[in-house]
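Below is one structure, written out as structure tokens, with a few remarks after it.
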Amino acid sequence: MAITKKVTSFTETRPQIQFQEKLQKKMEECGIDALILTTPENIAYSTGYISSLYGSRNIGADVAVVPSKGKASIILSQFNQGGAVEQCKGDVNVIGYPCWIFIEDYYDPNEKEKAVQPDLMKTFRIAEEIIREGGKDKPVVGVERSTMPYDKYKFLEDTFGADHLVDLTQFMIEVRTIKLPWEIDVLRYSAQVAQMMMNITMQSTQIGMTEADLFKIWNQAAWEITGGHELVYVNQAHTPGPDFWMTQMPRERPLENGDVIRLDGGVCIYGYISDLGRAYAVGDYVDEKKQAIFDTLLAARDAGIAQFYPGNKFCNVFHETMKVAKAGALPHFVRGHVGHTIGMGFGEEYPMLNPANEMVFEPGMVFCFETPYYSSKYGCYNLEDTLVITENGHELFTHTNRTLFVK
């Protein structure tokens with residue numbers, strides 16, 4: 001499968017003004033005067049800056065501010081300021097503050113001492129100044145309440161008033177659900193990189209290997225395919241043989257002939273993640289029950305894929321998928337959802353493909369659709385692909401293997 005990445009980098013082609021206008025249009029609809037964004041995903045969405053928060057999740061180290069009119073701002077330490085200037089290309093106000101590190105480029109003869117560690121309230125105080133410059137006496141401010149530590153939320157509550165703070169959870173779900181064409185390009189590339197990683201890992205798997213071997217192949221493939229360009233991180237949640245639970249530390253049990261492996265994960269390219277699933281057998285044998293489970297999940301996957309078109313309801317994908325699964329080798333099959341939207345989230349994103357969701361598909365929505373099954377007796381499976389809703393139907397970015405035996 002050929003990768004469709006453009007010759008120019010995604011960093012160079014990112015249309016910041018379109019992201020800003022999209023946010024500001026939604027702000028106007030909701031009566032919000034400014035946004036204070038603190039998670040790495042939403043900082044990247046609003047400014048184009050890939051924050052060090054992707055690694056630390058140290059809320060407050062970097063903060064983005066989006067006013068109802070005018071440019072967005074990114075507030076961060078001088079240690080990271082150069083990266084923001086480079087990535088944001090002049091489309092965003094970059095505001096650096098002194099940190100505990102001495103940097104010759106920012107030498108200030110009036111600065112006689114430095115703090116031992118960063119003051120994570122400093123970004124919020126600067127954010128307040130920016131918002132006050134908007135001139136409104138009592139601005140309505142959107143904040144990421146669900147991920148913000150208490151002390152930081154309390155500061156904003158004391159600063160702007162509890163009745164002038166709006167939680168952005170649903171706001172950002174709605175604003176990010178329909179993707180810009182540029183976002184679709186990144187997600188397509190990210191998914192296709194993950195598919196190539198999976199193909200390499202499947203083809204390289206041998207009897208006697210351990211999960212550590214799979215991890216090594218997986219990570220090496222990510223770097224070899226992308227060259228590391230715009231690669232933020234590599235993600236994996238594989239489950240080999242009877243071990244259906246995820247682990248951060250690879251298991252040492254050697255793979256045996258007839259084991260089924262579930263690969264699950266992908267890469268994050270310029271903030272946009274891929275999330276695919278594959279199931280395949282080790283060696284040259286698999287028992288009849290395992291084959292029947294795979295065949296059933298594949299048939300359910302095909303039935304569900306056919307339901308992705310504009311105007312159809314999310315819940316119809318769920319019901320059709322479950323109907324086929326239960327009619328096959330899995331009459332007792334029960335799940336909460338069969339997929340999710342995907343974009344800049346750390347993992348699965350809302351809205352979900354669940355039985356009660358009557359949202360309808362619209363062009364520009366990107367989904368990961370999956371039919372997983374977990375068993376310590378029969379192995380673990382996941383057939384998960386990524387697709388975008390188009391004007392007339394859908395475009396599959398990836399295509400699952402249709403046999404347990406991969407050559």
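Labels used: A, B, ... for chains in the order of the structure tokens, numbers from 1 for residues in each chain, and numbers from 1 for ligands as shown.
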Exercise. Run DSSP on the backbone and grab whatever in stretch 86-216 of chain A lands in strand (DSSP E); send it over as a PyMOL selection string.
Key: chain A and resi 93-97+141-143+165-167
Go ahead and write the residues just picked, N, CA and C atoms, as a PDB file, in the first residue's frame.
ATOM      1  N   ASN A  93       0.551  34.347  18.343  1.00  0.00           N
ATOM      2  CA  ASN A  93       1.404  35.114  19.252  1.00  0.00           C
ATOM      3  C   ASN A  93       2.122  34.151  20.187  1.00  0.00           C
ATOM      4  N   VAL A  94       3.443  34.191  20.195  1.00  0.00           N
ATOM      5  CA  VAL A  94       4.236  33.322  21.064  1.00  0.00           C
ATOM      6  C   VAL A  94       4.790  34.151  22.217  1.00  0.00           C
ATOM      7  N   ILE A  95       4.431  33.779  23.435  1.00  0.00           N
ATOM      8  CA  ILE A  95       4.825  34.522  24.628  1.00  0.00           C
ATOM      9  C   ILE A  95       5.654  33.606  25.516  1.00  0.00           C
ATOM     10  N   GLY A  96       6.932  33.916  25.649  1.00  0.00           N
ATOM     11  CA  GLY A  96       7.817  33.121  26.493  1.00  0.00           C
ATOM     12  C   GLY A  96       8.035  33.783  27.837  1.00  0.00           C
ATOM     13  N   TYR A  97       8.140  32.971  28.886  1.00  0.00           N
ATOM     14  CA  TYR A  97       8.419  33.512  30.213  1.00  0.00           C
ATOM     15  C   TYR A  97       9.712  32.881  30.746  1.00  0.00           C
ATOM     16  N   VAL A 141     -15.272  32.741  29.987  1.00  0.00           N
ATOM     17  CA  VAL A 141     -14.040  32.042  29.604  1.00  0.00           C
ATOM     18  C   VAL A 141     -14.276  30.536  29.575  1.00  0.00           C
ATOM     19  N   GLY A 142     -13.913  29.922  28.480  1.00  0.00           N
ATOM     20  CA  GLY A 142     -14.003  28.476  28.360  1.00  0.00           C
ATOM     21  C   GLY A 142     -12.734  27.825  28.870  1.00  0.00           C
ATOM     22  N   VAL A 143     -12.880  26.775  29.702  1.00  0.00           N
ATOM     23  CA  VAL A 143     -11.718  26.089  30.289  1.00  0.00           C
ATOM     24  C   VAL A 143     -11.938  24.575  30.219  1.00  0.00           C
ATOM     25  N   LEU A 165     -17.153  30.885  34.033  1.00  0.00           N
ATOM     26  CA  LEU A 165     -16.335  29.815  33.477  1.00  0.00           C
ATOM     27  C   LEU A 165     -17.241  28.769  32.834  1.00  0.00           C
ATOM     28  N   VAL A 166     -16.864  28.343  31.631  1.00  0.00           N
ATOM     29  CA  VAL A 166     -17.640  27.352  30.882  1.00  0.00           C
ATOM     30  C   VAL A 166     -16.751  26.146  30.610  1.00  0.00           C
ATOM     31  N   ASP A 167     -17.256  24.945  30.932  1.00  0.00           N
ATOM     32  CA  ASP A 167     -16.488  23.735  30.649  1.00  0.00           C
ATOM     33  C   ASP A 167     -16.485  23.463  29.143  1.00  0.00           C
TER      34      ASP A 167
END
Quiz item: Could you name the residues that touch A:Asp385 at 9 Å or less, counting only C-alpha atoms, but leaving out those on the same chain fewer than 2 positions away, as a PyMOL selection string?
Solution: chain A and resi 191+195+275-278+367-370+383+387+396-400
Practice problem: Point out the residue among A:Cys30, A:Val63, A:Ile101, A:Ala325 with the least atom-to-atom distance to A:Val175, counting only C-alpha atoms. | Solution: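 Counting only C-alpha atoms, the residue closest to A:Val175 is A:Cys30.
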Quiz item: Near A:Asp33, within 8 Å and counting only C-alpha atoms, which residues show up once chain neighbours fewer than 4 positions away are dropped, as an NGL selection string?
Solution: :A and (27-28 or 67-68 or 139-142)
Take the selection from the previous step and output its residues with N, CA, C and O atoms, as a compact mmCIF listing (two decimals), in the first residue's frame.
# COMPACT_ATOMS: atom_id res chain seq x y z
N MET A 27 -17.31 29.83 19.37
CA MET A 27 -17.33 30.70 20.54
C MET A 27 -18.47 31.71 20.44
O MET A 27 -19.18 31.97 21.42
N GLU A 28 -18.65 32.27 19.26
CA GLU A 28 -19.73 33.24 19.06
C GLU A 28 -21.09 32.59 19.29
O GLU A 28 -21.97 33.16 19.94
N PRO A 67 -8.84 34.27 21.74
CA PRO A 67 -9.84 35.32 21.97
C PRO A 67 -10.98 35.19 20.96
O PRO A 67 -10.86 34.48 19.96
N SER A 68 -12.07 35.87 21.20
CA SER A 68 -13.19 35.80 20.27
C SER A 68 -12.87 36.46 18.94
O SER A 68 -13.49 36.16 17.92
N PRO A 139 -15.60 38.83 31.29
CA PRO A 139 -15.57 37.91 30.15
C PRO A 139 -16.01 36.50 30.53
O PRO A 139 -15.78 36.04 31.65
N VAL A 140 -16.65 35.83 29.59
CA VAL A 140 -17.00 34.42 29.74
C VAL A 140 -15.83 33.62 29.16
O VAL A 140 -15.45 33.80 28.00
N VAL A 141 -15.27 32.74 29.99
CA VAL A 141 -14.04 32.04 29.60
C VAL A 141 -14.28 30.54 29.57
O VAL A 141 -14.77 29.95 30.54
N GLY A 142 -13.91 29.92 28.48
CA GLY A 142 -14.00 28.48 28.36
C GLY A 142 -12.73 27.82 28.87
O GLY A 142 -11.63 28.24 28.52
Self-check item: One-decimal distance in Å that lies between atom CA of A:Arg176 and atom CA of A:Met365
Solution: 9.1 Å
Self-check item: Surrounding residues of A:Asp259 excluding itself and chain neighbours under 5 positions, 8 Å, only C-alpha atoms, as a list in words
Solution: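 So, after excluding close chain neighbours, the residues are Pro240, Gly241, Pro242, Ala281, Val282, Gly283, Val286 and Gly379 of chain A.
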Restricted to N, CA and C atoms, what would the selected residues look like written as a CSV table (one decimal), in the first residue's frame?
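The resulting selection-v7.csv:
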chain,number,residue,atom,x,y,z
A,240,PRO,N,-0.8,-10.8,23.1
A,240,PRO,CA,-0.5,-12.1,22.4
A,240,PRO,C,-1.0,-13.3,23.1
A,241,GLY,N,-1.5,-14.3,22.3
A,241,GLY,CA,-2.0,-15.5,22.9
A,241,GLY,C,-3.1,-15.4,23.9
A,242,PRO,N,-3.0,-16.1,25.0
A,242,PRO,CA,-4.1,-16.0,26.0
A,242,PRO,C,-4.1,-14.8,26.9
A,281,ALA,N,-2.6,-15.4,13.2
A,281,ALA,CA,-2.2,-16.6,13.9
A,281,ALA,C,-0.7,-16.7,13.8
A,282,VAL,N,-0.1,-17.4,14.8
A,282,VAL,CA,1.3,-17.7,14.8
A,282,VAL,C,1.5,-19.1,14.3
A,283,GLY,N,2.4,-19.3,13.4
A,283,GLY,CA,2.7,-20.6,12.8
A,283,GLY,C,1.8,-21.0,11.7
A,286,VAL,N,-4.3,-23.3,13.4
A,286,VAL,CA,-5.3,-22.7,14.3
A,286,VAL,C,-6.5,-23.6,14.5
A,379,GLY,N,-8.0,-16.8,22.5
A,379,GLY,CA,-7.2,-15.7,22.0
A,379,GLY,C,-7.9,-14.4,21.9
Self-check item: Given only C-alpha atoms as the counted atoms, nearest of A:Gln78, A:Asn58, A:Thr210, A:Asn354 to A:Thr147
Solution: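 Looking at the shortest contact to A:Thr147, the residue is A:Asn58.
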Exercise. Find the residues around A:Thr159 up to 12 Å (only C-alpha atoms counted), leave out those fewer than 4 positions away in its own chain, and share them as a list in words.
Key: Phe124, Arg125, Ala127, Glu128, Glu129, Ile131, Arg132, Asp137, Lys138, Pro139, Val140, Val141, Lys152, Tyr153, Lys154, Phe155, Asp163, His164 and Leu165 of chain A
Give me a file of those residues, with C-alpha atoms, as a PDB file, in the first residue's frame.
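Full text of result18.pdb as output:
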ATOM      1  CA  PHE A 124      -2.584  31.465  33.876  1.00  0.00           C
ATOM      2  CA  ARG A 125      -1.703  34.948  35.105  1.00  0.00           C
ATOM      3  CA  ALA A 127      -3.567  34.302  30.112  1.00  0.00           C
ATOM      4  CA  GLU A 128      -5.648  36.558  32.367  1.00  0.00           C
ATOM      5  CA  GLU A 129      -3.742  39.621  31.132  1.00  0.00           C
ATOM      6  CA  ILE A 131      -8.090  38.172  28.142  1.00  0.00           C
ATOM      7  CA  ARG A 132      -8.402  41.440  30.091  1.00  0.00           C
ATOM      8  CA  ASP A 137     -15.350  43.699  32.222  1.00  0.00           C
ATOM      9  CA  LYS A 138     -16.693  40.217  32.959  1.00  0.00           C
ATOM     10  CA  PRO A 139     -15.573  37.913  30.149  1.00  0.00           C
ATOM     11  CA  VAL A 140     -16.997  34.417  29.737  1.00  0.00           C
ATOM     12  CA  VAL A 141     -14.040  32.042  29.604  1.00  0.00           C
ATOM     13  CA  LYS A 152      -5.481  25.916  38.783  1.00  0.00           C
ATOM     14  CA  TYR A 153      -9.228  25.804  38.380  1.00  0.00           C
ATOM     15  CA  LYS A 154      -9.623  27.574  41.729  1.00  0.00           C
ATOM     16  CA  PHE A 155      -7.318  30.345  40.501  1.00  0.00           C
ATOM     17  CA  ASP A 163     -20.477  31.747  36.807  1.00  0.00           C
ATOM     18  CA  HIS A 164     -18.208  33.076  34.033  1.00  0.00           C
ATOM     19  CA  LEU A 165     -16.335  29.815  33.477  1.00  0.00           C
TER      20      LEU A 165
END
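Residues lying within 7 Å of A:Ala279, counting only C-alpha atoms and ignoring same-chain neighbours fewer than 6 positions away, are Val260, Ile261, Arg262, Leu263, Tyr381, Asn382, Leu383 and Leu404 of chain A.
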